[in-house]
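Participant: Below is input32.txt; it holds compact mmCIF, C-alpha atoms.
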# COMPACT_ATOMS: atom_id res chain seq x y z
CA MET A 1 -15.45 3.11 32.44
CA GLN A 2 -16.25 0.41 34.97
CA ILE A 3 -19.41 -1.67 35.36
CA PRO A 4 -21.49 -0.74 38.43
CA GLU A 5 -20.92 -2.70 41.66
CA TRP A 6 -24.46 -4.14 41.74
CA LEU A 7 -23.81 -5.73 38.34
CA ALA A 8 -20.39 -7.08 39.39
CA ASP A 9 -22.11 -8.65 42.43
CA ILE A 10 -24.66 -10.35 40.17
CA GLY A 11 -21.81 -11.71 38.05
CA LYS A 12 -19.95 -13.04 41.09
CA LYS A 13 -23.08 -14.75 42.42
CA ARG A 14 -24.00 -16.28 39.09
CA ILE A 15 -20.55 -17.80 38.53
CA ASP A 16 -20.09 -18.96 42.14
CA PRO A 17 -21.15 -22.62 41.52
CA TYR A 18 -18.38 -23.17 38.95
CA PRO A 19 -14.65 -23.97 39.34
CA VAL A 20 -13.39 -20.42 38.82
CA GLU A 21 -11.51 -17.91 40.99
CA GLY A 22 -11.05 -14.16 41.28
CA PHE A 23 -12.82 -11.37 39.43
CA VAL A 24 -11.38 -8.86 36.97
CA TYR A 25 -13.20 -5.74 35.80
CA GLY A 26 -13.10 -4.55 32.20
CA GLN A 27 -10.82 -1.51 31.88
CA GLY A 28 -10.53 1.48 29.61
CA PRO A 29 -12.16 4.73 28.51
CA GLN A 30 -15.87 5.03 27.76
CA ARG A 31 -15.08 6.26 24.23
CA PRO A 32 -12.13 4.08 23.22
CA LYS A 33 -10.68 3.60 19.74
CA LEU A 34 -11.40 -0.14 20.10
CA MET A 35 -13.17 -2.50 22.48
CA LEU A 36 -11.40 -5.85 22.88
CA VAL A 37 -13.27 -8.98 23.97
CA GLY A 38 -11.07 -11.85 25.14
CA GLU A 39 -11.80 -15.20 26.78
CA ALA A 40 -11.19 -15.08 30.56
CA PRO A 41 -8.49 -13.85 32.95
CA GLY A 42 -5.56 -16.09 33.90
CA GLU A 43 -3.48 -16.37 37.05
CA THR A 44 -1.60 -13.06 36.60
CA GLU A 45 -4.80 -11.10 35.95
CA ILE A 46 -6.74 -12.30 39.00
CA HIS A 47 -3.84 -11.30 41.25
CA ASN A 48 -3.28 -7.80 39.88
CA GLY A 49 -6.80 -7.09 38.54
CA ILE A 50 -5.47 -5.89 35.17
CA PRO A 51 -6.93 -7.57 32.07
CA PHE A 52 -4.38 -9.03 29.63
CA SER A 53 -1.39 -8.37 31.88
CA GLY A 54 0.19 -11.84 31.62
CA ARG A 55 2.15 -13.47 28.80
CA ALA A 56 -0.71 -13.20 26.28
CA GLY A 57 -1.12 -9.56 27.29
CA GLU A 58 2.49 -8.78 26.36
CA GLU A 59 1.83 -10.15 22.87
CA LEU A 60 -1.46 -8.24 22.66
CA MET A 61 0.32 -4.95 23.40
CA LYS A 62 2.74 -5.62 20.51
CA PHE A 63 -0.21 -6.29 18.21
CA LEU A 64 -2.00 -3.12 19.33
CA ALA A 65 1.17 -1.10 18.70
CA ARG A 66 1.20 -2.47 15.16
CA ALA A 67 -2.41 -1.29 14.77
CA GLY A 68 -1.34 2.16 16.01
CA VAL A 69 -3.05 2.12 19.42
CA THR A 70 -1.95 1.80 23.06
CA ARG A 71 -3.55 0.19 26.12
CA GLU A 72 -4.85 3.64 27.13
CA ASP A 73 -6.77 3.92 23.82
CA VAL A 74 -8.75 0.69 24.22
CA TYR A 75 -11.39 -0.84 26.47
CA ILE A 76 -10.37 -4.41 27.37
CA THR A 77 -12.80 -7.01 28.63
CA SER A 78 -13.65 -10.70 28.20
CA ALA A 79 -16.52 -13.19 27.94
CA VAL A 80 -15.85 -14.39 31.50
CA ARG A 81 -14.34 -12.25 34.30
CA SER A 82 -13.18 -15.00 36.65
CA ARG A 83 -10.36 -17.46 35.98
CA PRO A 84 -11.64 -20.92 34.97
CA TYR A 85 -9.20 -23.52 36.29
CA LYS A 86 -8.67 -27.25 36.49
CA TRP A 87 -6.45 -29.11 38.95
CA GLY A 88 -3.35 -30.81 37.63
CA GLU A 89 -0.05 -32.12 38.95
CA LYS A 90 3.37 -30.69 38.41
CA ARG A 91 6.70 -32.24 39.34
CA THR A 92 9.00 -29.92 41.27
CA ARG A 93 12.78 -29.80 40.75
CA ALA A 94 13.11 -31.98 43.83
CA GLY A 95 11.00 -34.57 42.00
CA GLU A 96 7.92 -34.27 44.18
CA LEU A 97 4.43 -34.06 42.68
CA VAL A 98 2.43 -31.01 43.68
CA LYS A 99 -1.14 -30.13 42.80
CA ARG A 100 -1.67 -26.83 41.01
CA LYS A 101 -4.35 -24.98 39.09
CA TYR A 102 -4.16 -24.74 35.30
CA ASN A 103 -6.12 -22.41 33.03
CA ARG A 104 -8.89 -23.93 30.91
CA ALA A 105 -11.41 -22.53 28.45
CA PRO A 106 -14.64 -21.27 30.03
CA THR A 107 -17.76 -23.42 29.53
CA SER A 108 -20.97 -22.14 27.91
CA ARG A 109 -22.58 -21.99 31.38
CA GLU A 110 -19.77 -19.83 32.73
CA ILE A 111 -20.05 -17.54 29.70
CA LEU A 112 -23.80 -17.34 30.31
CA ALA A 113 -23.22 -16.50 33.99
CA HIS A 114 -21.21 -13.40 33.02
CA ALA A 115 -23.27 -12.51 29.93
CA PRO A 116 -25.04 -9.54 31.64
CA LEU A 117 -21.66 -7.93 32.36
CA LEU A 118 -20.52 -7.98 28.73
CA ASP A 119 -24.01 -6.93 27.58
CA TYR A 120 -23.74 -3.83 29.79
CA GLU A 121 -20.29 -2.95 28.44
CA ILE A 122 -21.32 -3.38 24.81
CA GLU A 123 -24.26 -1.07 25.43
CA HIS A 124 -22.35 1.61 27.37
CA VAL A 125 -18.85 1.66 25.88
CA GLU A 126 -18.92 3.73 22.70
CA ALA A 127 -16.40 1.90 20.53
CA PRO A 128 -16.37 2.16 16.72
CA VAL A 129 -15.02 -1.41 16.47
CA ILE A 130 -15.28 -4.45 18.76
CA VAL A 131 -12.26 -6.72 18.31
CA ALA A 132 -13.08 -10.35 19.14
CA LEU A 133 -9.88 -12.08 20.30
CA GLY A 134 -10.29 -15.79 19.56
CA ASN A 135 -13.26 -18.12 19.20
CA ILE A 136 -14.69 -17.76 22.71
CA GLY A 137 -15.15 -13.99 22.39
CA LEU A 138 -16.31 -14.26 18.77
CA LYS A 139 -18.94 -16.97 19.39
CA ARG A 140 -20.23 -15.10 22.44
CA LEU A 141 -20.85 -12.07 20.22
CA CYS A 142 -21.81 -13.64 16.89
CA GLY A 143 -23.19 -17.10 17.68
CA PRO A 144 -21.88 -20.69 17.84
CA ASP A 145 -21.53 -21.32 14.10
CA ILE A 146 -18.80 -18.76 13.39
CA LYS A 147 -15.04 -19.49 13.51
CA VAL A 148 -12.07 -17.13 13.74
CA THR A 149 -10.18 -19.10 11.08
CA ASP A 150 -13.00 -18.35 8.59
CA VAL A 151 -13.60 -14.66 9.30
CA HIS A 152 -10.43 -13.17 10.85
CA GLY A 153 -9.41 -9.82 9.40
CA GLN A 154 -12.95 -9.02 8.20
CA PHE A 155 -15.18 -6.21 9.40
CA LEU A 156 -18.55 -7.77 10.21
CA LYS A 157 -21.41 -5.28 10.49
CA GLN A 158 -24.16 -7.04 12.42
CA PRO A 159 -26.16 -7.30 15.65
CA VAL A 160 -24.52 -9.14 18.58
CA ARG A 161 -25.93 -11.63 21.05
CA ARG A 162 -27.20 -10.51 24.42
CA LEU A 163 -29.02 -12.31 27.21
CA LYS A 164 -32.83 -11.96 26.91
CA SER A 165 -33.13 -11.18 30.62
CA LEU A 166 -31.24 -11.81 33.86
CA GLU A 167 -33.40 -14.85 34.60
CA ASP A 168 -33.04 -16.22 31.09
CA SER A 169 -30.52 -18.68 29.67
CA GLU A 170 -31.34 -17.75 26.05
CA TYR A 171 -29.62 -15.16 23.93
CA GLU A 172 -31.31 -12.75 21.52
CA TRP A 173 -29.89 -10.37 18.91
CA THR A 174 -29.44 -6.66 19.65
CA GLU A 175 -31.46 -4.26 17.51
CA ARG A 176 -28.32 -2.23 16.96
CA GLU A 177 -25.60 -3.27 14.53
CA TYR A 178 -21.97 -3.22 15.60
CA THR A 179 -18.70 -3.50 13.69
CA ILE A 180 -16.97 -6.70 14.83
CA PHE A 181 -13.37 -7.42 13.85
CA PRO A 182 -12.36 -11.02 14.62
CA THR A 183 -8.71 -12.00 15.04
CA PHE A 184 -6.81 -14.78 16.78
CA HIS A 185 -6.33 -14.78 20.54
CA PRO A 186 -2.77 -13.59 21.27
CA ALA A 187 -2.08 -16.79 23.28
CA ALA A 188 -2.66 -18.81 20.08
CA ILE A 189 0.85 -17.95 18.87
CA PHE A 190 2.34 -19.88 21.82
CA TYR A 191 0.95 -23.05 20.23
CA ASN A 192 1.14 -22.08 16.57
CA ARG A 193 3.79 -19.56 15.50
CA ARG A 194 2.44 -19.55 11.94
CA LEU A 195 -0.55 -17.52 13.14
CA LEU A 196 1.76 -14.58 13.86
CA GLU A 197 1.85 -13.57 10.20
CA LEU A 198 -1.97 -13.70 9.97
CA ILE A 199 -2.35 -11.60 13.12
CA HIS A 200 0.11 -9.04 11.71
CA GLU A 201 -1.96 -8.84 8.50
CA ASP A 202 -5.12 -8.38 10.59
CA MET A 203 -3.49 -5.59 12.63
CA ASP A 204 -2.42 -3.80 9.44
CA LYS A 205 -6.04 -3.91 8.20
CA LEU A 206 -7.24 -2.60 11.55
CA LYS A 207 -4.73 0.26 11.41
CA ASP A 208 -5.90 1.25 7.90
CA TYR A 209 -9.53 1.12 9.04
CA LEU A 210 -8.88 3.29 12.11
CA GLN A 211 -6.92 5.84 10.09
CA SER A 212 -9.50 6.11 7.32
CA ASN A 213 -12.37 6.36 9.85
CA ALA A 214 -10.67 8.82 12.19
CA PRO A 215 -12.58 12.06 12.90
CA MET A 216 -11.73 14.77 10.35
CA ASP A 217 -9.69 16.97 12.72
CA LYS A 218 -7.54 13.97 13.68
CA GLN A 219 -7.03 13.08 10.03
CA ALA A 220 -5.74 16.59 9.39
CA ASP A 221 -3.27 16.15 12.28
CA GLN A 222 -2.08 12.82 10.88
CA HIS A 223 -1.41 14.32 7.45
CA GLU A 224 0.63 17.12 9.00
CA HIS A 225 2.77 14.71 11.00
CA HIS A 226 3.51 12.21 8.23
Would you mind writing the file out in structure tokens?
Facilitator:
Amino acid sequence: MQIPEWLADIGKKRIDPYPVEGFVYGQGPQRPKLMLVGEAPGETEIHNGIPFSGRAGEELMKFLARAGVTREDVYITSAVRSRPYKWGEKRTRAGELVKRKYNRAPTSREILAHAPLLDYEIEHVEAPVIVALGNIGLKRLCGPDIKVTDVHGQFLKQPVRRLKSLEDSEYEWTEREYTIFPTFHPAAIFYNRRLLELIHEDMDKLKDYLQSNAPMDKQADQHEHH
């Protein structure tokens, strides 16, 4: 499934005033096994247009394999579709200082600018579980007071936040309840290797959940193969 072009254009216009670049569409089937909500694309993603295709994406694929799913089984998207950057300096091997763009976390205004895009996906992608990868995705869905460290590995059944209207800068809660599964952003393990064990535990829980909630005909298949 892909969001319609008119909606992508609205997203591009709304985020235009901010220091971001590129635009990456969410990707995956309309009826996936999981929907994943990350933070924002990085440098690799804005060049090839594939969400989670950089270093963090490699880790994510390992985690998904542990949960028993592949990239083809999931719909991958993020709170912001353009790469938020800041300028910094890097010294080359020759010792000269060059300016370059570094990734940064998206601001609440940037998240708001792309809110209609995620709202559309949540409404139209029929996923039994929405996996929030990290605090940015989780807070966008469940509000500012929630933290991944407190709720990772839990299945939260609740409404999610959506923008009241295109002209609005306020969120409201959906009437529908969704199953949200928070876990750490895969890039978090680059800074804190100890999170790896927690992510593995979360993926094992997710695998159990998916197997026990699989449609009956699939469950029969699984029993035959094991």
Participant: Rank nothing, just name the residue among A:Gly49, A:Pro159, A:Pro182, A:Pro19 nearest to Glu123 of chain A, using all atoms listed in the file.
Facilitator: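 Going through A:Gly49, A:Pro159, A:Pro182, A:Pro19 one by one, the smallest distance to Glu123 of chain A is for A:Pro159.
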Participant: Can you tell me which residues surround Leu198 of chain A at a distance of at most 12 Å, considering only C-alpha atoms, apart from same-chain residues fewer than 2 positions away, and format the answer as a list in words?
Facilitator: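 Here the qualifying residues turn out to be Phe63, Val148, Thr149, Val151, His152, Gly153, Pro182, Thr183, Phe184, His185, Pro186, Ala188, Ile189, Asn192, Arg193, Arg194, Leu195, Leu196, His200, Glu201, Asp202, Met203, Asp204 and Lys205 of chain A.
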Participant: Have a look at A:Val129, A:Ala105, A:Leu64, A:Ile10 and name the one nearest to Arg31 of chain A; count all atoms listed in the file.
Facilitator: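 Going through A:Val129, A:Ala105, A:Leu64, A:Ile10 one by one, the smallest distance to Arg31 of chain A is for A:Val129.
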Participant: I need the residue nearest Pro106 of chain A from this list: A:Gly28, A:Gly11, A:Gly54, A:Gly42. Use only C-alpha atoms for the distance.
Facilitator: A:Gly42
Participant: Please measure the separation of atom CA of Leu156 of chain A and atom CA of Cys142 of chain A, giving the value in Å to one decimal.
Facilitator: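 Atom-to-atom, atom CA of Leu156 of chain A to atom CA of Cys142 of chain A, that is 9.5 Å.
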Participant: Compile the contact shell of segment 83-98 of chain A as a PDB file with C-alpha atoms, in the frame of the given file: residues with an atom at most 6 Å away, counting all atoms listed in the file, same-chain residues fewer than 5 positions apart removed.
Facilitator:
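Heads up, here's the output in out12.pdb:
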ATOM      1  CA  VAL A  20     -13.390 -20.420  38.820  1.00  0.00           C
ATOM      2  CA  GLU A  21     -11.510 -17.910  40.990  1.00  0.00           C
ATOM      3  CA  ALA A  40     -11.190 -15.080  30.560  1.00  0.00           C
ATOM      4  CA  PRO A  41      -8.490 -13.850  32.950  1.00  0.00           C
ATOM      5  CA  GLY A  42      -5.560 -16.090  33.900  1.00  0.00           C
ATOM      6  CA  ASN A 103      -6.120 -22.410  33.030  1.00  0.00           C
ATOM      7  CA  ARG A 104      -8.890 -23.930  30.910  1.00  0.00           C
ATOM      8  CA  PRO A 106     -14.640 -21.270  30.030  1.00  0.00           C
TER       9      PRO A 106
END
Participant: Residues at most 8 Å from Gln27 of chain A, counting only C-alpha atoms, excluding those fewer than 4 positions away in the same chain, as a VMD selection string?
Facilitator: chain A and resid 1 to 2 50 to 51 75 to 77
Participant: Here is a test: counting all atoms listed in the file, which residue of A:Arg100, A:Arg81, A:Arg161, A:Lys139 is nearest to Asp119 of chain A?
Facilitator: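 The closest residue to Asp119 of chain A is A:Arg161.
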Participant: Since the input lacks some atoms of segment 50-79 of chain A, please model N, CA and C atoms and print them as a PDB file, in the frame of the given file.
Facilitator:
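The result, stored in selection-v3.pdb:
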ATOM      1  N   ILE A  50      -5.633  -6.588  36.453  1.00  0.00           N
ATOM      2  CA  ILE A  50      -5.470  -5.890  35.170  1.00  0.00           C
ATOM      3  C   ILE A  50      -5.681  -6.873  34.018  1.00  0.00           C
ATOM      4  N   PRO A  51      -6.693  -6.630  33.165  1.00  0.00           N
ATOM      5  CA  PRO A  51      -6.930  -7.570  32.070  1.00  0.00           C
ATOM      6  C   PRO A  51      -5.749  -7.631  31.098  1.00  0.00           C
ATOM      7  N   PHE A  52      -5.472  -8.815  30.593  1.00  0.00           N
ATOM      8  CA  PHE A  52      -4.380  -9.030  29.630  1.00  0.00           C
ATOM      9  C   PHE A  52      -3.049  -8.460  30.126  1.00  0.00           C
ATOM     10  N   SER A  53      -2.662  -8.847  31.344  1.00  0.00           N
ATOM     11  CA  SER A  53      -1.390  -8.370  31.880  1.00  0.00           C
ATOM     12  C   SER A  53      -0.360  -9.497  31.966  1.00  0.00           C
ATOM     13  N   GLY A  54      -0.748 -10.711  31.595  1.00  0.00           N
ATOM     14  CA  GLY A  54       0.190 -11.840  31.620  1.00  0.00           C
ATOM     15  C   GLY A  54       0.931 -11.975  30.300  1.00  0.00           C
ATOM     16  N   ARG A  55       1.361 -13.199  30.017  1.00  0.00           N
ATOM     17  CA  ARG A  55       2.150 -13.470  28.800  1.00  0.00           C
ATOM     18  C   ARG A  55       1.379 -13.112  27.530  1.00  0.00           C
ATOM     19  N   ALA A  56       0.106 -13.507  27.479  1.00  0.00           N
ATOM     20  CA  ALA A  56      -0.710 -13.200  26.280  1.00  0.00           C
ATOM     21  C   ALA A  56      -0.881 -11.690  26.151  1.00  0.00           C
ATOM     22  N   GLY A  57      -0.966 -11.009  27.289  1.00  0.00           N
ATOM     23  CA  GLY A  57      -1.120  -9.560  27.290  1.00  0.00           C
ATOM     24  C   GLY A  57       0.074  -8.841  26.678  1.00  0.00           C
ATOM     25  N   GLU A  58       1.277  -9.376  26.947  1.00  0.00           N
ATOM     26  CA  GLU A  58       2.490  -8.780  26.360  1.00  0.00           C
ATOM     27  C   GLU A  58       2.417  -8.843  24.831  1.00  0.00           C
ATOM     28  N   GLU A  59       1.966  -9.999  24.328  1.00  0.00           N
ATOM     29  CA  GLU A  59       1.830 -10.150  22.870  1.00  0.00           C
ATOM     30  C   GLU A  59       0.757  -9.203  22.343  1.00  0.00           C
ATOM     31  N   LEU A  60      -0.358  -9.118  23.088  1.00  0.00           N
ATOM     32  CA  LEU A  60      -1.460  -8.240  22.660  1.00  0.00           C
ATOM     33  C   LEU A  60      -0.982  -6.798  22.521  1.00  0.00           C
ATOM     34  N   MET A  61      -0.159  -6.348  23.461  1.00  0.00           N
ATOM     35  CA  MET A  61       0.320  -4.950  23.400  1.00  0.00           C
ATOM     36  C   MET A  61       1.173  -4.717  22.144  1.00  0.00           C
ATOM     37  N   LYS A  62       1.950  -5.736  21.751  1.00  0.00           N
ATOM     38  CA  LYS A  62       2.740  -5.620  20.510  1.00  0.00           C
ATOM     39  C   LYS A  62       1.808  -5.511  19.301  1.00  0.00           C
ATOM     40  N   PHE A  63       0.732  -6.315  19.334  1.00  0.00           N
ATOM     41  CA  PHE A  63      -0.210  -6.290  18.210  1.00  0.00           C
ATOM     42  C   PHE A  63      -0.930  -4.938  18.136  1.00  0.00           C
ATOM     43  N   LEU A  64      -1.314  -4.420  19.298  1.00  0.00           N
ATOM     44  CA  LEU A  64      -2.000  -3.120  19.330  1.00  0.00           C
ATOM     45  C   LEU A  64      -1.074  -2.019  18.802  1.00  0.00           C
ATOM     46  N   ALA A  65       0.197  -2.096  19.182  1.00  0.00           N
ATOM     47  CA  ALA A  65       1.170  -1.100  18.700  1.00  0.00           C
ATOM     48  C   ALA A  65       1.233  -1.134  17.181  1.00  0.00           C
ATOM     49  N   ARG A  66       1.172  -2.331  16.623  1.00  0.00           N
ATOM     50  CA  ARG A  66       1.200  -2.470  15.160  1.00  0.00           C
ATOM     51  C   ARG A  66      -0.045  -1.825  14.536  1.00  0.00           C
ATOM     52  N   ALA A  67      -1.170  -1.904  15.266  1.00  0.00           N
ATOM     53  CA  ALA A  67      -2.410  -1.290  14.770  1.00  0.00           C
ATOM     54  C   ALA A  67      -2.465   0.214  15.073  1.00  0.00           C
ATOM     55  N   GLY A  68      -1.428   0.715  15.756  1.00  0.00           N
ATOM     56  CA  GLY A  68      -1.340   2.160  16.010  1.00  0.00           C
ATOM     57  C   GLY A  68      -2.084   2.627  17.244  1.00  0.00           C
ATOM     58  N   VAL A  69      -2.371   1.707  18.180  1.00  0.00           N
ATOM     59  CA  VAL A  69      -3.050   2.120  19.420  1.00  0.00           C
ATOM     60  C   VAL A  69      -2.300   1.599  20.655  1.00  0.00           C
ATOM     61  N   THR A  70      -2.581   2.213  21.797  1.00  0.00           N
ATOM     62  CA  THR A  70      -1.950   1.800  23.060  1.00  0.00           C
ATOM     63  C   THR A  70      -3.028   1.251  23.994  1.00  0.00           C
ATOM     64  N   ARG A  71      -2.601   0.708  25.114  1.00  0.00           N
ATOM     65  CA  ARG A  71      -3.550   0.190  26.120  1.00  0.00           C
ATOM     66  C   ARG A  71      -4.513   1.291  26.564  1.00  0.00           C
ATOM     67  N   GLU A  72      -4.013   2.513  26.659  1.00  0.00           N
ATOM     68  CA  GLU A  72      -4.850   3.640  27.130  1.00  0.00           C
ATOM     69  C   GLU A  72      -5.958   3.986  26.131  1.00  0.00           C
ATOM     70  N   ASP A  73      -5.782   3.588  24.867  1.00  0.00           N
ATOM     71  CA  ASP A  73      -6.770   3.920  23.820  1.00  0.00           C
ATOM     72  C   ASP A  73      -7.923   2.930  23.764  1.00  0.00           C
ATOM     73  N   VAL A  74      -7.786   1.782  24.444  1.00  0.00           N
ATOM     74  CA  VAL A  74      -8.750   0.690  24.220  1.00  0.00           C
ATOM     75  C   VAL A  74      -9.469   0.304  25.507  1.00  0.00           C
ATOM     76  N   TYR A  75     -10.656  -0.265  25.335  1.00  0.00           N
ATOM     77  CA  TYR A  75     -11.390  -0.840  26.470  1.00  0.00           C
ATOM     78  C   TYR A  75     -11.205  -2.352  26.363  1.00  0.00           C
ATOM     79  N   ILE A  76     -10.668  -2.968  27.415  1.00  0.00           N
ATOM     80  CA  ILE A  76     -10.370  -4.410  27.370  1.00  0.00           C
ATOM     81  C   ILE A  76     -11.282  -5.163  28.328  1.00  0.00           C
ATOM     82  N   THR A  77     -11.934  -6.185  27.796  1.00  0.00           N
ATOM     83  CA  THR A  77     -12.800  -7.010  28.630  1.00  0.00           C
ATOM     84  C   THR A  77     -12.776  -8.452  28.102  1.00  0.00           C
ATOM     85  N   SER A  78     -13.635  -9.308  28.655  1.00  0.00           N
ATOM     86  CA  SER A  78     -13.650 -10.700  28.200  1.00  0.00           C
ATOM     87  C   SER A  78     -15.020 -11.335  28.444  1.00  0.00           C
ATOM     88  N   ALA A  79     -15.234 -12.487  27.825  1.00  0.00           N
ATOM     89  CA  ALA A  79     -16.520 -13.190  27.940  1.00  0.00           C
ATOM     90  C   ALA A  79     -16.799 -13.589  29.383  1.00  0.00           C
TER      91      ALA A  79
END
